[in-house]
file upload.json (JSON, C-alpha atoms and all ligand atoms)
[["chain", "number", "residue", "atom", "x", "y", "z"],
["I", 271, "MET", "CA", 58.83, -25.93, 31.36],
["I", 272, "SER", "CA", 55.28, -27.29, 31.32],
["I", 273, "GLU", "CA", 52.61, -25.20, 29.56],
["I", 274, "ASP", "CA", 49.62, -24.14, 31.63],
["I", 275, "LYS", "CA", 46.58, -26.06, 30.42],
["I", 276, "LYS", "CA", 43.65, -23.80, 29.64],
["I", 277, "VAL", "CA", 40.60, -24.94, 31.55],
["I", 278, "GLU", "CA", 37.44, -24.29, 29.55],
["I", 279, "ALA", "CA", 34.53, -22.94, 31.54],
["I", 280, "PRO", "CA", 31.55, -25.30, 31.48],
["I", 281, "LYS", "CA", 28.91, -24.29, 28.96],
["I", 282, "PRO", "CA", 25.76, -22.90, 30.55],
["I", 283, "ALA", "CA", 22.80, -25.20, 30.37],
["I", 284, "PRO", "CA", 20.32, -24.22, 27.62],
["I", 285, "PRO", "CA", 17.25, -22.40, 28.91],
["I", 286, "PRO", "CA", 14.31, -24.69, 29.58],
["I", 287, "GLY", "CA", 11.88, -24.88, 26.67],
["I", 288, "PRO", "CA", 8.21, -24.11, 26.99],
["I", 289, "PRO", "CA", 6.24, -26.68, 28.99],
["I", 290, "PRO", "CA", 4.38, -29.26, 26.89],
["I", 291, "PRO", "CA", 0.78, -28.33, 26.02],
["I", 292, "LYS", "CA", -1.73, -29.28, 28.67],
["I", 293, "ASN", "CA", -3.96, -30.81, 26.00],
["I", 294, "PRO", "CA", -1.77, -32.23, 23.19],
["I", 295, "GLY", "CA", -2.69, -30.93, 19.75],
["I", 296, "MET", "CA", -4.79, -28.14, 21.28],
["I", 297, "VAL", "CA", -4.14, -24.75, 22.84],
["I", 298, "THR", "CA", -5.19, -24.23, 26.46],
["I", 299, "MET", "CA", -5.55, -20.71, 27.78],
["I", 300, "THR", "CA", -7.66, -18.64, 30.14],
["I", 301, "ILE", "CA", -10.27, -16.11, 29.09],
["I", 302, "ASP", "CA", -12.00, -14.09, 31.81],
["I", 303, "GLY", "CA", -10.89, -16.60, 34.42],
["I", 304, "ARG", "CA", -12.27, -19.62, 32.56],
["I", 305, "GLU", "CA", -10.13, -22.29, 30.91],
["I", 306, "VAL", "CA", -10.51, -22.52, 27.14],
["I", 307, "VAL", "CA", -9.25, -25.38, 24.97],
["I", 308, "VAL", "CA", -9.26, -24.59, 21.25],
["I", 309, "LYS", "CA", -7.59, -25.74, 18.03],
["I", 310, "PRO", "CA", -4.36, -23.96, 17.08],
["I", 311, "GLY", "CA", -5.08, -20.97, 14.86],
["I", 312, "THR", "CA", -8.46, -20.25, 16.43],
["I", 313, "ASN", "CA", -9.32, -16.60, 16.60],
["I", 314, "LEU", "CA", -9.49, -14.97, 20.06],
["I", 315, "ILE", "CA", -12.98, -13.67, 19.30],
["I", 316, "GLU", "CA", -14.15, -17.20, 18.48],
["I", 317, "ALA", "CA", -12.26, -18.70, 21.43],
["I", 318, "ALA", "CA", -13.97, -16.25, 23.79],
["I", 319, "LYS", "CA", -17.39, -17.23, 22.46],
["I", 320, "THR", "CA", -16.84, -20.83, 23.61],
["I", 321, "VAL", "CA", -16.91, -19.68, 27.23],
["I", 322, "GLY", "CA", -19.66, -17.10, 26.80],
["I", 323, "SER", "CA", -17.43, -14.00, 26.67],
["I", 324, "GLU", "CA", -18.59, -11.65, 23.94],
["I", 325, "ILE", "CA", -15.94, -9.47, 22.33],
["I", 326, "PRO", "CA", -17.57, -6.74, 20.22],
["I", 327, "TYR", "CA", -16.30, -6.19, 16.67],
["I", 328, "TYR", "CA", -17.06, -4.38, 13.43],
["I", 329, "CYS", "CA", -14.40, -5.22, 10.85],
["I", 330, "TYR", "CA", -13.93, -8.91, 11.69],
["I", 331, "HIS", "CA", -15.78, -11.56, 9.70],
["I", 332, "PRO", "CA", -14.96, -15.27, 10.03],
["I", 333, "ARG", "CA", -14.84, -15.76, 6.25],
["I", 334, "LEU", "CA", -12.71, -12.74, 5.42],
["I", 335, "THR", "CA", -9.07, -11.87, 6.02],
["I", 336, "ILE", "CA", -8.27, -9.81, 9.10],
["I", 337, "ALA", "CA", -8.05, -6.02, 8.66],
["I", 338, "ALA", "CA", -8.00, -5.06, 12.37],
["I", 339, "ASN", "CA", -8.98, -1.49, 11.60],
["I", 340, "CYS", "CA", -12.05, -0.80, 13.77],
["I", 341, "ARG", "CA", -10.31, -1.40, 17.16],
["I", 342, "MET", "CA", -13.61, -2.34, 18.79],
["I", 343, "CYS", "CA", -12.29, -5.79, 19.76],
["I", 344, "LEU", "CA", -9.33, -4.67, 21.89],
["I", 345, "VAL", "CA", -8.68, -6.84, 24.97],
["I", 346, "GLU", "CA", -5.96, -7.35, 27.56],
["I", 347, "ALA", "CA", -3.55, -10.23, 26.90],
["I", 348, "SER", "CA", -0.85, -11.45, 29.26],
["I", 349, "ASN", "CA", 1.83, -11.40, 26.55],
["I", 350, "ALA", "CA", 1.34, -7.78, 25.47],
["I", 351, "PRO", "CA", 1.90, -4.51, 27.35],
["I", 352, "LYS", "CA", -0.94, -2.73, 25.54],
["I", 353, "LEU", "CA", -4.46, -3.70, 24.54],
["I", 354, "VAL", "CA", -4.48, -5.99, 21.50],
["I", 355, "PRO", "CA", -7.06, -6.59, 18.75],
["I", 356, "ALA", "CA", -8.70, -9.92, 19.54],
["I", 357, "CYS", "CA", -9.39, -10.53, 15.85],
["I", 358, "GLN", "CA", -5.69, -10.43, 15.04],
["I", 359, "HIS", "CA", -3.72, -11.35, 18.16],
["I", 360, "GLY", "CA", -2.46, -14.93, 18.10],
["I", 361, "ILE", "CA", -3.51, -17.43, 20.73],
["I", 362, "GLY", "CA", -0.92, -19.35, 22.74],
["I", 363, "GLU", "CA", -0.56, -21.98, 25.42],
["I", 364, "GLY", "CA", -1.12, -20.45, 28.86],
["I", 365, "LEU", "CA", -2.24, -17.07, 27.50],
["I", 366, "ILE", "CA", -4.44, -15.10, 29.89],
["I", 367, "VAL", "CA", -7.00, -12.81, 28.27],
["I", 368, "LYS", "CA", -9.34, -10.33, 29.94],
["I", 369, "THR", "CA", -12.23, -8.90, 27.96],
["I", 370, "GLY", "CA", -14.07, -6.80, 30.53],
["I", 371, "THR", "CA", -11.54, -4.75, 32.49],
["I", 372, "ASP", "CA", -11.87, -1.00, 33.06],
["I", 373, "LYS", "CA", -9.15, -0.41, 30.47],
["I", 374, "VAL", "CA", -11.03, -2.45, 27.86],
["I", 375, "LYS", "CA", -14.34, -0.75, 28.70],
["I", 376, "ALA", "CA", -12.78, 2.71, 28.41],
["I", 377, "GLN", "CA", -11.40, 1.77, 25.00],
["I", 378, "GLN", "CA", -14.78, 0.48, 23.81],
["I", 379, "LYS", "CA", -16.41, 3.75, 24.89],
["I", 380, "ALA", "CA", -13.73, 5.73, 23.09],
["I", 381, "VAL", "CA", -14.15, 3.75, 19.86],
["I", 382, "MET", "CA", -17.93, 4.21, 19.95],
["I", 383, "GLU", "CA", -17.57, 7.91, 20.57],
["I", 384, "PHE", "CA", -15.13, 8.19, 17.68],
["I", 385, "LEU", "CA", -17.33, 6.21, 15.26],
["I", 386, "LEU", "CA", -20.44, 8.19, 16.15],
["I", 387, "LEU", "CA", -18.74, 11.59, 16.27],
["I", 388, "ASN", "CA", -19.85, 12.59, 12.78],
["I", 389, "HIS", "CA", -22.43, 9.87, 12.24],
["I", 390, "PRO", "CA", -25.83, 11.46, 11.42],
["I", 391, "VAL", "CA", -27.69, 9.12, 13.85],
["I", 392, "ASP", "CA", -30.62, 9.17, 11.41],
["I", 393, "CYS", "CA", -31.82, 5.79, 12.68],
["I", 394, "SER", "CA", -35.51, 6.60, 12.18],
["I", 395, "ILE", "CA", -35.05, 6.64, 8.39],
["I", 396, "CYS", "CA", -32.29, 4.02, 8.14],
["I", 397, "ASP", "CA", -32.96, 0.61, 6.52],
["I", 398, "GLN", "CA", -30.59, -1.01, 8.98],
["I", 399, "ALA", "CA", -32.34, 0.30, 12.10],
["I", 400, "GLY", "CA", -33.03, -2.51, 14.56],
["I", 401, "GLU", "CA", -30.31, -4.67, 13.03],
["I", 402, "CYS", "CA", -27.46, -2.23, 13.47],
["I", 403, "LYS", "CA", -24.35, -2.98, 15.49],
["I", 404, "LEU", "CA", -23.72, 0.74, 15.93],
["I", 405, "GLN", "CA", -27.07, 1.01, 17.72],
["I", 406, "ASP", "CA", -26.57, -2.19, 19.70],
["I", 407, "TYR", "CA", -23.03, -1.43, 20.79],
["I", 408, "TYR", "CA", -23.89, 2.18, 21.59],
["I", 409, "MET", "CA", -26.51, 0.94, 24.06],
["I", 410, "ARG", "CA", -24.22, -1.73, 25.47],
["I", 411, "TYR", "CA", -20.79, -0.12, 25.52],
["I", 412, "ASP", "CA", -21.17, 3.65, 25.44],
["I", 413, "PHE", "CA", -24.62, 5.07, 26.17],
["I", 414, "LYS", "CA", -23.71, 8.69, 26.73],
["I", 415, "PRO", "CA", -24.55, 11.86, 24.83],
["I", 416, "SER", "CA", -22.17, 13.25, 22.25],
["I", 417, "ARG", "CA", -19.54, 15.70, 23.49],
["I", 418, "LEU", "CA", -19.18, 17.22, 20.05],
["I", 419, "GLU", "CA", -19.39, 20.99, 20.06],
["I", 420, "GLY", "CA", -20.35, 22.52, 16.76],
["I", 421, "PRO", "CA", -21.76, 20.93, 13.61],
["I", 422, "LYS", "CA", -20.94, 17.43, 12.38],
["I", 423, "ILE", "CA", -18.92, 16.96, 9.22],
["I", 424, "LEU", "CA", -21.35, 16.31, 6.35],
["I", 425, "ARG", "CA", -20.45, 13.76, 3.70],
["I", 426, "ASN", "CA", -22.01, 12.37, 0.54],
["I", 427, "LYS", "CA", -25.33, 10.65, 1.36],
["I", 428, "ARG", "CA", -25.85, 9.14, -2.11],
["I", 429, "LYS", "CA", -22.61, 8.19, -3.76],
["I", 430, "VAL", "CA", -23.60, 5.93, -6.64],
["I", 431, "LEU", "CA", -21.06, 3.12, -6.98],
["I", 432, "GLY", "CA", -22.86, 1.20, -9.71],
["I", 433, "ASP", "CA", -26.26, -0.07, -10.85],
["I", 434, "LEU", "CA", -26.94, -1.80, -7.54],
["I", 435, "VAL", "CA", -24.84, -0.04, -4.91],
["I", 436, "VAL", "CA", -25.28, 3.38, -3.33],
["I", 437, "LEU", "CA", -22.88, 4.41, -0.58],
["I", 438, "ASP", "CA", -23.95, 6.60, 2.33],
["I", 439, "GLN", "CA", -20.62, 8.01, 3.39],
["I", 440, "GLU", "CA", -22.02, 9.45, 6.61],
["I", 441, "ARG", "CA", -23.07, 6.02, 7.86],
["I", 442, "CYS", "CA", -20.08, 4.00, 6.68],
["I", 443, "VAL", "CA", -17.59, 3.18, 9.47],
["I", 444, "LEU", "CA", -14.85, 2.11, 7.01],
["I", 445, "CYS", "CA", -14.65, -1.45, 8.29],
["I", 446, "THR", "CA", -13.69, -2.50, 4.71],
["I", 447, "ARG", "CA", -15.69, -5.72, 4.87],
["I", 448, "CYS", "CA", -17.31, -4.86, 1.53],
["I", 449, "VAL", "CA", -13.88, -4.26, 0.02],
["I", 450, "ARG", "CA", -12.57, -7.59, 1.27],
["I", 451, "PHE", "CA", -15.76, -9.40, 0.23],
["I", 452, "MET", "CA", -15.33, -8.21, -3.35],
["I", 453, "GLU", "CA", -11.70, -9.26, -3.40],
["I", 454, "GLU", "CA", -11.87, -12.55, -1.55],
["I", 455, "VAL", "CA", -15.36, -13.98, -2.03],
["I", 456, "ALA", "CA", -16.70, -12.48, -5.25],
["I", 457, "GLN", "CA", -13.13, -12.30, -6.59],
["I", 458, "GLU", "CA", -14.05, -9.08, -8.35],
["I", 459, "PRO", "CA", -11.94, -6.42, -6.61],
["I", 460, "GLN", "CA", -13.97, -3.36, -7.50],
["I", 461, "LEU", "CA", -14.11, -1.43, -4.22],
["I", 462, "GLY", "CA", -11.49, 0.33, -2.13],
["I", 463, "VAL", "CA", -11.07, 2.96, 0.57],
["I", 464, "PHE", "CA", -9.24, 6.01, -0.70],
["I", 465, "GLY", "CA", -8.33, 9.45, 0.55],
["I", 466, "ARG", "CA", -8.27, 8.30, 4.16],
["I", 467, "CYS", "CA", -6.46, 10.28, 6.84],
["I", 468, "SER", "CA", -3.41, 12.12, 5.53],
["I", 469, "HIS", "CA", -3.31, 10.01, 2.35],
["I", 501, "LIG", "S1", -12.73, -6.54, 14.81],
["I", 501, "LIG", "FE1", -10.72, -6.45, 15.57],
["I", 501, "LIG", "S2", -10.07, -4.49, 14.97],
["I", 501, "LIG", "FE2", -12.03, -4.65, 14.06]]
call {"tool": "encode", "arguments": {"input": "upload.json", "output": "structure tokens", "more": "lines below"}}
Ligand code: FES
result
Amino acid sequence: MSEDKKVEAPKPAPPPGPPPPKNPGMVTMTIDGREVVVKPGTNLIEAAKTVGSEIPYYCYHPRLTIAANCRMCLVEASNAPKLVPACQHGIGEGLIVKTGTDKVKAQQKAVMEFLLLNHPVDCSICDQAGECKLQDYYMRYDFKPSRLEGPKILRNKRKVLGDLVVLDQERCVLCTRCVRFMEEVAQEPQLGVFGRCSH
């Protein structure tokens, strides 16, 4: 009696890999409908600048590590279902980014409202007045009166941190750039943010 030969099913073809980059050695993507060609590893905020799209930010600084804690830089990206922080989200070949949609604008308004909720808005006596991103971004991205009912939360206006540094806790937006500067540039980690939220 002859044994039935088992016929192996043909193996499925491997899925096609990603298409080769349009510009070898570079990343090509689209920001606000314009094609952008940047070096791999470029930040989305910096990539957007090359085509004249301004993404607002507080905690990002090109010479510091990314904290992504202010959420002012959120944008729409084709590879994410929710808004993503432009300072942190990786770039990729063919990525489509939108920086000015209604969803993004609503988020920018919400972040400004949140940051200014308990801010004293004492601009007339502030050393930073006229060079303040809170002022600039309020005019550009929010520009509506506070909806806060009742008094603002008062914090320490003169917390002495040393011979040269006094912290105004009502004006600080906790971007942690000073903390990261001390750690990464001065290499003297002497500052931190403590007692935040439920911790
Ligand atoms: S700049 Fe991206 S979260 Fe602050």
call {"tool": "atom_distance", "arguments": {"input": "upload.json", "atom1": "CA of Pro390 (chain I)", "atom2": "CA of Leu431 (chain I)"}}
result
20.8 Å
call {"tool": "residues_near_ligand", "arguments": {"input": "upload.json", "ligand": "ligand LIG 501 (chain I)", "cutoff": "6 Å", "atoms": "only C-alpha atoms and all ligand atoms", "output": "list of chain:residue names"}}
result
I:Tyr327, I:Tyr328, I:Cys329, I:Tyr330, I:Ala338, I:Asn339, I:Cys340, I:Arg341, I:Met342, I:Cys343, I:Pro355, I:Ala356, I:Cys357
call {"tool": "write_last_selection", "arguments": {"input": "upload.json", "atoms": "C-alpha atoms", "output": "mmCIF file, in the frame of the given file"}}
result
data_model
loop_
_atom_site.group_PDB
_atom_site.id
_atom_site.type_symbol
_atom_site.label_atom_id
_atom_site.label_comp_id
_atom_site.auth_asym_id
_atom_site.auth_seq_id
_atom_site.Cartn_x
_atom_site.Cartn_y
_atom_site.Cartn_z
ATOM 1 C CA TYR I 327 -16.300 -6.190 16.670
ATOM 2 C CA TYR I 328 -17.060 -4.380 13.430
ATOM 3 C CA CYS I 329 -14.400 -5.220 10.850
ATOM 4 C CA TYR I 330 -13.930 -8.910 11.690
ATOM 5 C CA ALA I 338 -8.000 -5.060 12.370
ATOM 6 C CA ASN I 339 -8.980 -1.490 11.600
ATOM 7 C CA CYS I 340 -12.050 -0.800 13.770
ATOM 8 C CA ARG I 341 -10.310 -1.400 17.160
ATOM 9 C CA MET I 342 -13.610 -2.340 18.790
ATOM 10 C CA CYS I 343 -12.290 -5.790 19.760
ATOM 11 C CA PRO I 355 -7.060 -6.590 18.750
ATOM 12 C CA ALA I 356 -8.700 -9.920 19.540
ATOM 13 C CA CYS I 357 -9.390 -10.530 15.850
#
call {"tool": "residues_around", "arguments": {"input": "upload.json", "residues": "Lys375 (chain I)", "least_positions_apart": "4", "cutoff": "12 Å", "atoms": "all atoms listed in the file", "output": "number ranges by chain"}}
result
I: 325-326, 342-346, 353, 368-371, 379-382, 407, 410-412
call {"tool": "closest_residue", "arguments": {"input": "upload.json", "among": "I:Met452, I:Val430, I:Val463, I:Cys442", "to": "Leu385 (chain I)", "atoms": "all atoms listed in the file"}}
result
I:Cys442
call {"tool": "closest_residue", "arguments": {"input": "upload.json", "among": "I:Ala456, I:Ala318, I:Val374, I:Val391", "to": "Met299 (chain I)", "atoms": "all atoms listed in the file"}}
result
I:Ala318
call {"tool": "closest_residue", "arguments": {"input": "upload.json", "among": "I:Lys281, I:Cys393, I:Thr320, I:His331", "to": "Asp406 (chain I)", "atoms": "all atoms listed in the file"}}
result
I:Cys393
